[in-house]
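Text of the file upload37.tsv, holding TSV, C-alpha atoms:
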```
chain	number	residue	atom	x	y	z
Y	8	MET	CA	27.84	83.73	-36.30
Y	9	ASP	CA	26.49	86.47	-34.03
Y	10	ALA	CA	24.91	89.70	-35.30
Y	11	ARG	CA	28.22	91.60	-35.30
Y	12	GLU	CA	29.99	88.89	-37.28
Y	13	LEU	CA	27.10	88.76	-39.75
Y	14	ASP	CA	27.29	92.53	-40.29
Y	15	LEU	CA	31.05	92.34	-40.79
Y	16	ASP	CA	30.66	89.45	-43.22
Y	17	ALA	CA	28.01	91.37	-45.18
Y	18	GLN	CA	30.25	94.45	-45.31
Y	19	ARG	CA	33.21	92.42	-46.56
Y	20	LEU	CA	31.03	90.80	-49.20
Y	21	ARG	CA	29.85	94.20	-50.43
Y	22	TYR	CA	33.45	95.38	-50.75
Y	23	ALA	CA	34.36	92.18	-52.61
Y	24	VAL	CA	31.43	92.55	-55.00
Y	25	LEU	CA	32.38	96.19	-55.59
Y	26	GLY	CA	35.91	95.06	-56.38
Y	27	VAL	CA	34.65	92.43	-58.84
Y	28	ALA	CA	32.32	94.96	-60.50
Y	29	THR	CA	34.98	97.67	-60.76
Y	30	THR	CA	37.62	95.32	-62.13
Y	31	THR	CA	35.20	93.78	-64.64
Y	32	LEU	CA	34.05	97.19	-65.86
Y	33	ALA	CA	37.63	98.42	-66.26
Y	34	ALA	CA	38.58	95.29	-68.21
Y	35	VAL	CA	35.56	95.61	-70.53
Y	36	VAL	CA	36.28	99.31	-71.15
Y	37	LEU	CA	39.93	98.56	-72.01
Y	38	TYR	CA	38.81	95.75	-74.31
Y	39	VAL	CA	36.33	98.00	-76.15
Y	40	ILE	CA	38.96	100.75	-76.49
Y	41	GLU	CA	41.36	98.25	-78.03
Y	42	SER	CA	38.89	96.29	-80.17
Y	43	GLY	CA	36.18	98.87	-80.88
Y	44	LEU	CA	32.45	98.39	-80.48
Y	45	GLY	CA	32.62	95.54	-83.00
Y	46	GLY	CA	34.40	93.46	-80.36
Y	47	ILE	CA	31.34	93.37	-78.08
Y	48	GLY	CA	29.58	90.70	-80.15
Y	49	PRO	CA	32.51	88.22	-80.08
Y	50	LEU	CA	32.97	88.89	-76.34
Y	51	MET	CA	29.31	88.09	-75.62
Y	52	LEU	CA	29.52	84.97	-77.79
Y	53	ALA	CA	32.64	83.80	-75.97
Y	54	ALA	CA	31.08	84.53	-72.57
Y	55	THR	CA	27.96	82.55	-73.49
Y	56	ALA	CA	30.04	79.59	-74.68
Y	57	VAL	CA	32.25	79.31	-71.58
Y	58	PHE	CA	29.27	79.95	-69.29
Y	59	PHE	CA	27.55	76.80	-70.50
Y	60	SER	CA	30.72	74.72	-70.71
Y	61	LYS	CA	34.34	75.35	-69.82
Y	62	LEU	CA	35.24	72.94	-72.61
Y	63	ALA	CA	34.69	75.96	-74.87
Y	64	ILE	CA	38.11	77.13	-73.65
Y	65	PHE	CA	39.59	74.63	-76.11
Y	66	GLY	CA	37.99	76.69	-78.89
Y	67	GLY	CA	40.77	79.20	-78.33
Y	68	ASN	CA	43.01	77.00	-80.47
Y	69	ILE	CA	40.90	77.80	-83.56
Y	70	GLU	CA	42.98	80.17	-85.65
Y	71	GLN	CA	40.08	82.41	-86.67
Y	72	TYR	CA	38.83	82.78	-83.09
Y	73	ARG	CA	39.40	86.16	-81.42
Y	74	PHE	CA	40.30	84.80	-77.98
Y	75	ASN	CA	43.04	82.36	-76.99
Y	76	PRO	CA	42.54	79.68	-74.29
Y	77	TRP	CA	43.94	81.87	-71.51
Y	78	GLU	CA	41.62	84.74	-72.39
Y	79	LEU	CA	38.64	82.39	-72.52
Y	80	GLY	CA	39.67	81.00	-69.15
Y	81	LEU	CA	39.72	84.51	-67.69
Y	82	ILE	CA	36.24	85.20	-69.10
Y	83	ALA	CA	34.96	81.94	-67.56
Y	84	TRP	CA	36.48	82.83	-64.18
Y	85	VAL	CA	34.91	86.31	-64.18
Y	86	LEU	CA	31.52	84.78	-64.97
Y	87	ASP	CA	31.89	82.34	-62.07
Y	88	ALA	CA	32.74	85.29	-59.83
Y	89	TRP	CA	29.58	87.12	-60.91
Y	90	VAL	CA	27.39	84.05	-60.47
Y	91	THR	CA	28.75	83.50	-56.96
Y	92	CYS	CA	28.38	87.16	-56.00
Y	93	ALA	CA	24.80	87.23	-57.29
Y	94	LEU	CA	23.87	84.12	-55.33
Y	95	LEU	CA	25.45	85.32	-52.10
Y	96	LEU	CA	23.83	88.74	-52.38
Y	97	GLY	CA	20.36	87.70	-53.47
Y	98	ILE	CA	19.52	84.11	-52.54
Y	99	SER	CA	16.37	85.17	-50.69
Y	100	SER	CA	15.26	87.38	-53.60
Y	101	PHE	CA	15.87	84.64	-56.18
Y	102	LYS	CA	13.65	82.25	-54.25
Y	103	ARG	CA	10.64	84.49	-54.85
Y	104	LEU	CA	11.09	84.61	-58.64
Y	105	PRO	CA	9.10	82.05	-60.70
Y	106	LEU	CA	11.85	80.63	-62.92
Y	107	ALA	CA	14.89	81.59	-60.84
Y	108	GLY	CA	13.20	80.28	-57.69
Y	109	LYS	CA	12.61	76.89	-59.25
Y	110	ALA	CA	16.17	76.73	-60.59
Y	111	LEU	CA	17.55	77.70	-57.18
Y	112	ALA	CA	15.43	75.04	-55.46
Y	113	GLU	CA	16.84	72.43	-57.84
Y	114	ALA	CA	20.36	73.72	-57.21
Y	115	HIS	CA	19.77	73.46	-53.44
Y	116	LEU	CA	18.65	69.86	-53.95
Y	117	ARG	CA	21.82	69.07	-55.92
Y	118	ALA	CA	23.91	70.73	-53.23
Y	119	GLY	CA	22.22	68.65	-50.56
Y	120	ASN	CA	22.80	65.46	-52.52
Y	121	THR	CA	26.44	66.40	-53.07
Y	122	LEU	CA	26.87	67.01	-49.34
Y	123	ARG	CA	25.36	63.61	-48.51
Y	124	GLU	CA	27.55	61.88	-51.10
Y	125	TYR	CA	30.70	63.63	-49.92
Y	126	PRO	CA	30.36	64.15	-46.15
Y	127	GLY	CA	34.02	65.16	-45.98
Y	128	LEU	CA	32.98	68.54	-47.36
Y	129	ARG	CA	31.72	69.48	-43.91
Y	130	ARG	CA	35.04	68.53	-42.35
Y	131	LEU	CA	37.23	70.13	-44.99
Y	132	ALA	CA	34.91	73.14	-45.38
Y	133	PHE	CA	36.93	75.85	-47.15
Y	134	SER	CA	39.36	73.60	-49.04
Y	135	GLY	CA	36.59	71.09	-49.75
Y	136	ILE	CA	34.49	73.75	-51.49
Y	137	ALA	CA	37.47	74.82	-53.59
Y	138	VAL	CA	38.10	71.21	-54.63
Y	139	LEU	CA	34.40	70.67	-55.39
Y	140	VAL	CA	34.35	73.68	-57.74
Y	141	PHE	CA	37.62	72.62	-59.35
Y	142	LEU	CA	36.68	69.03	-60.13
Y	143	PRO	CA	34.80	68.44	-63.42
Y	144	ILE	CA	32.22	66.10	-61.90
Y	145	PRO	CA	28.42	66.10	-61.80
Y	146	GLY	CA	27.14	68.39	-59.06
Y	147	SER	CA	30.22	70.60	-59.04
Y	148	GLY	CA	30.69	74.16	-60.26
Y	149	ALA	CA	30.28	77.68	-58.90
Y	150	VAL	CA	26.55	77.42	-58.17
Y	151	THR	CA	26.73	74.14	-56.25
Y	152	GLY	CA	29.96	75.21	-54.54
Y	153	THR	CA	28.32	78.43	-53.34
Y	154	LEU	CA	25.25	76.66	-51.98
Y	155	VAL	CA	27.28	73.89	-50.31
Y	156	GLY	CA	29.47	76.55	-48.73
Y	157	GLN	CA	26.41	78.09	-47.14
Y	158	LEU	CA	25.05	74.70	-46.09
Y	159	VAL	CA	28.27	73.78	-44.26
Y	160	GLY	CA	28.28	77.11	-42.42
Y	161	LEU	CA	31.03	79.06	-44.19
Y	162	SER	CA	30.69	82.83	-44.10
Y	163	ARG	CA	29.66	84.44	-47.37
Y	164	ILE	CA	33.07	86.02	-47.93
Y	165	ALA	CA	34.82	82.69	-47.19
Y	166	THR	CA	32.46	80.94	-49.60
Y	167	LEU	CA	33.24	83.53	-52.28
Y	168	VAL	CA	37.00	83.13	-51.85
Y	169	ALA	CA	36.80	79.31	-51.83
Y	170	VAL	CA	34.69	79.26	-55.00
Y	171	LEU	CA	36.98	81.73	-56.76
Y	172	ILE	CA	40.05	79.67	-55.87
Y	173	GLY	CA	38.42	76.47	-57.16
Y	174	ALA	CA	37.21	78.20	-60.32
Y	175	ALA	CA	40.66	79.69	-60.92
Y	176	LEU	CA	42.30	76.27	-60.61
Y	177	ALA	CA	39.74	74.83	-63.02
Y	178	VAL	CA	40.14	77.45	-65.76
Y	179	VAL	CA	43.95	77.46	-65.45
Y	180	THR	CA	43.94	73.69	-65.89
Y	181	TYR	CA	41.65	73.85	-68.93
Y	182	ALA	CA	43.63	76.71	-70.47
Y	183	ALA	CA	46.99	75.02	-69.84
Y	184	VAL	CA	45.85	71.76	-71.41
Y	185	ALA	CA	44.33	73.65	-74.36
Y	186	ALA	CA	47.54	75.67	-74.83
Y	187	PHE	CA	49.63	72.50	-74.67
Y	188	LEU	CA	47.47	70.73	-77.23
Y	189	GLY	CA	47.59	73.81	-79.45
Y	190	ALA	CA	51.38	73.95	-79.25
Y	191	GLN	CA	51.64	70.24	-80.08
Y	192	PHE	CA	49.01	70.37	-82.82
Y	193	GLU	CA	51.44	70.07	-85.73
Y	194	ALA	CA	53.26	67.17	-84.09
Y	195	MET	CA	49.94	65.48	-83.42
Y	196	LEU	CA	48.96	65.75	-87.06
Y	197	THR	CA	52.18	64.09	-88.19
Y	198	ASN	CA	52.37	61.63	-85.29
Y	199	PRO	CA	49.02	60.56	-83.81
Y	200	TRP	CA	50.87	58.58	-81.11
Y	201	VAL	CA	51.84	61.90	-79.53
Y	202	LEU	CA	48.17	62.80	-79.24
Y	203	LEU	CA	47.20	59.39	-77.88
Y	204	ALA	CA	50.03	59.40	-75.34
Y	205	SER	CA	49.17	62.93	-74.19
Y	206	ILE	CA	45.48	62.14	-73.76
Y	207	ALA	CA	46.18	58.81	-72.05
Y	208	GLY	CA	48.66	60.39	-69.63
Y	209	LEU	CA	46.26	63.19	-68.78
Y	210	CYS	CA	43.36	60.77	-68.22
Y	211	VAL	CA	45.43	58.50	-65.95
Y	212	PHE	CA	46.63	61.47	-63.89
Y	213	CYS	CA	43.11	62.89	-63.51
Y	214	TRP	CA	41.69	59.48	-62.62
Y	215	LEU	CA	44.28	58.78	-59.91
Y	216	ALA	CA	43.92	62.30	-58.49
Y	217	TRP	CA	40.14	62.00	-58.45
Y	218	LEU	CA	40.24	58.64	-56.65
Y	219	LYS	CA	42.42	60.12	-53.92
Y	220	VAL	CA	40.27	63.22	-53.53
Y	221	LYS	CA	37.03	61.21	-53.64
Y	222	ARG	CA	38.20	58.94	-50.81
Y	223	GLU	CA	38.96	62.01	-48.70
Y	224	LEU	CA	35.64	63.69	-49.45
Y	225	GLN	CA	33.64	60.54	-48.72
Y	226	ARG	CA	35.14	60.25	-45.25
Y	227	SER	CA	32.75	61.55	-42.61
```

Taking this structure as input, can you express it in the form of structure tokens?
Amino acid sequence: MDARELDLDAQRLRYAVLGVATTTLAAVVLYVIESGLGGIGPLMLAATAVFFSKLAIFGGNIEQYRFNPWELGLIAWVLDAWVTCALLLGISSFKRLPLAGKALAEAHLRAGNTLREYPGLRRLAFSGIAVLVFLPIPGSGAVTGTLVGQLVGLSRIATLVAVLIGAALAVVTYAAVAAFLGAQFEAMLTNPWVLLASIAGLCVFCWLAWLKVKRELQRS
């Protein structure tokens, strides 16, 4: 991109980050108004859980838990948005920090390895990044998706949108499966074959879909 395109891309990214910040702040304020200050602790706990693993979305089926799977999925998506925005805004700054710089160097290495393993990402570009973030495979996720997006030459705003689409697909899938399992929980307790059939069907579908996507991504 030339200097004018870079300036326009930077301006669009700033507007996007402002939109993410404003929306997040409004959502947190509404949550605190509804739940009181005592709701901040559970919110931070939930955010920490889904940040480290989206499998925590399934915890929304626990009766005593404050958040349902859809709410946990939304929290996970917002966190992915913040991580992506932070990386796109401050990659050069992060590189100079002792711990963050080392972590970013390792993430760059993973992104490079992912790009070599799946050369189709260069060809598919935007959609490939979205699929990479969506798939629950090693080397995927918002951080790797963001770095790969920059390595393949996507603009920062295009990288942000691609990562957010992939992250949205991922959390919706997790939340939908968690909600389905929660709705079928009583039937599963009385008939374990329902549980086995549901899990087997889901695994077969994911495996076949992954094989198809993997073949496409591995094409140069």

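Between CA of Gly189 in chain Y and CA of Leu62 in chain Y the interatomic distance comes to 14.1 Å.
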
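For the atom pair formed by CA of Leu44 in chain Y and CA of Phe74 in chain Y, the distance is 15.9 Å, given to one decimal.
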
Find the residues around range 13-30 of chain Y up to 7 Å (only C-alpha atoms counted), leave out those fewer than 6 positions away in its own chain, and share them as a list in words. Cys92, Ser162, Arg163 and Ile164 of chain Y

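All residues of protein, DNA or RNA that reach within 10 Å of Arg73 in chain Y, judged by all atoms listed in the file and not counting those fewer than 6 positions away in the chain, are Gly46, Pro49, Leu50, Ala53, Gly66, Gly67 and Leu79 of chain Y.
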
Listed atoms of range 82-97 of chain Y boxed axis-aligned with 5 Å per side, centre + edges as AutoDock Vina command-line options:
```
--center_x 28.4 --center_y 85.3 --center_z -60.6 --size_x 26.1 --size_y 16.8 --size_z 27.0
```

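With only C-alpha atoms taken into account, the protein and nucleic acid residues at most 8 Å from Val155 in chain Y (excluding it and anything under 6 positions from it in its own chain) are Ala118, Gly119, Leu122 and Ile136 of chain Y.
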
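Taking CA of Lys109 in chain Y as the reference point, CA of Thr151 in chain Y is found at 14.7 Å.
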
Contacts of Asn120 in chain Y at 12 Å (all atoms listed in the file; same-chain gap of 4+ positions) as a ChimeraX atom specification: /Y:113-116,124-126,128,145-147,151,154-155,158

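In this comparison, which uses only C-alpha atoms, the residue of Y:Trp89, Y:Trp200, Y:Trp77, Y:Trp214 approaching Tyr181 in chain Y most closely is Y:Trp77.
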
Selection near range 130-134 of chain Y, 7 Å with all atoms listed in the file, sequence-local residues under 3 positions removed, as JSON, numbers by chain: {"Y": [127, 137, 138, 159, 169]}
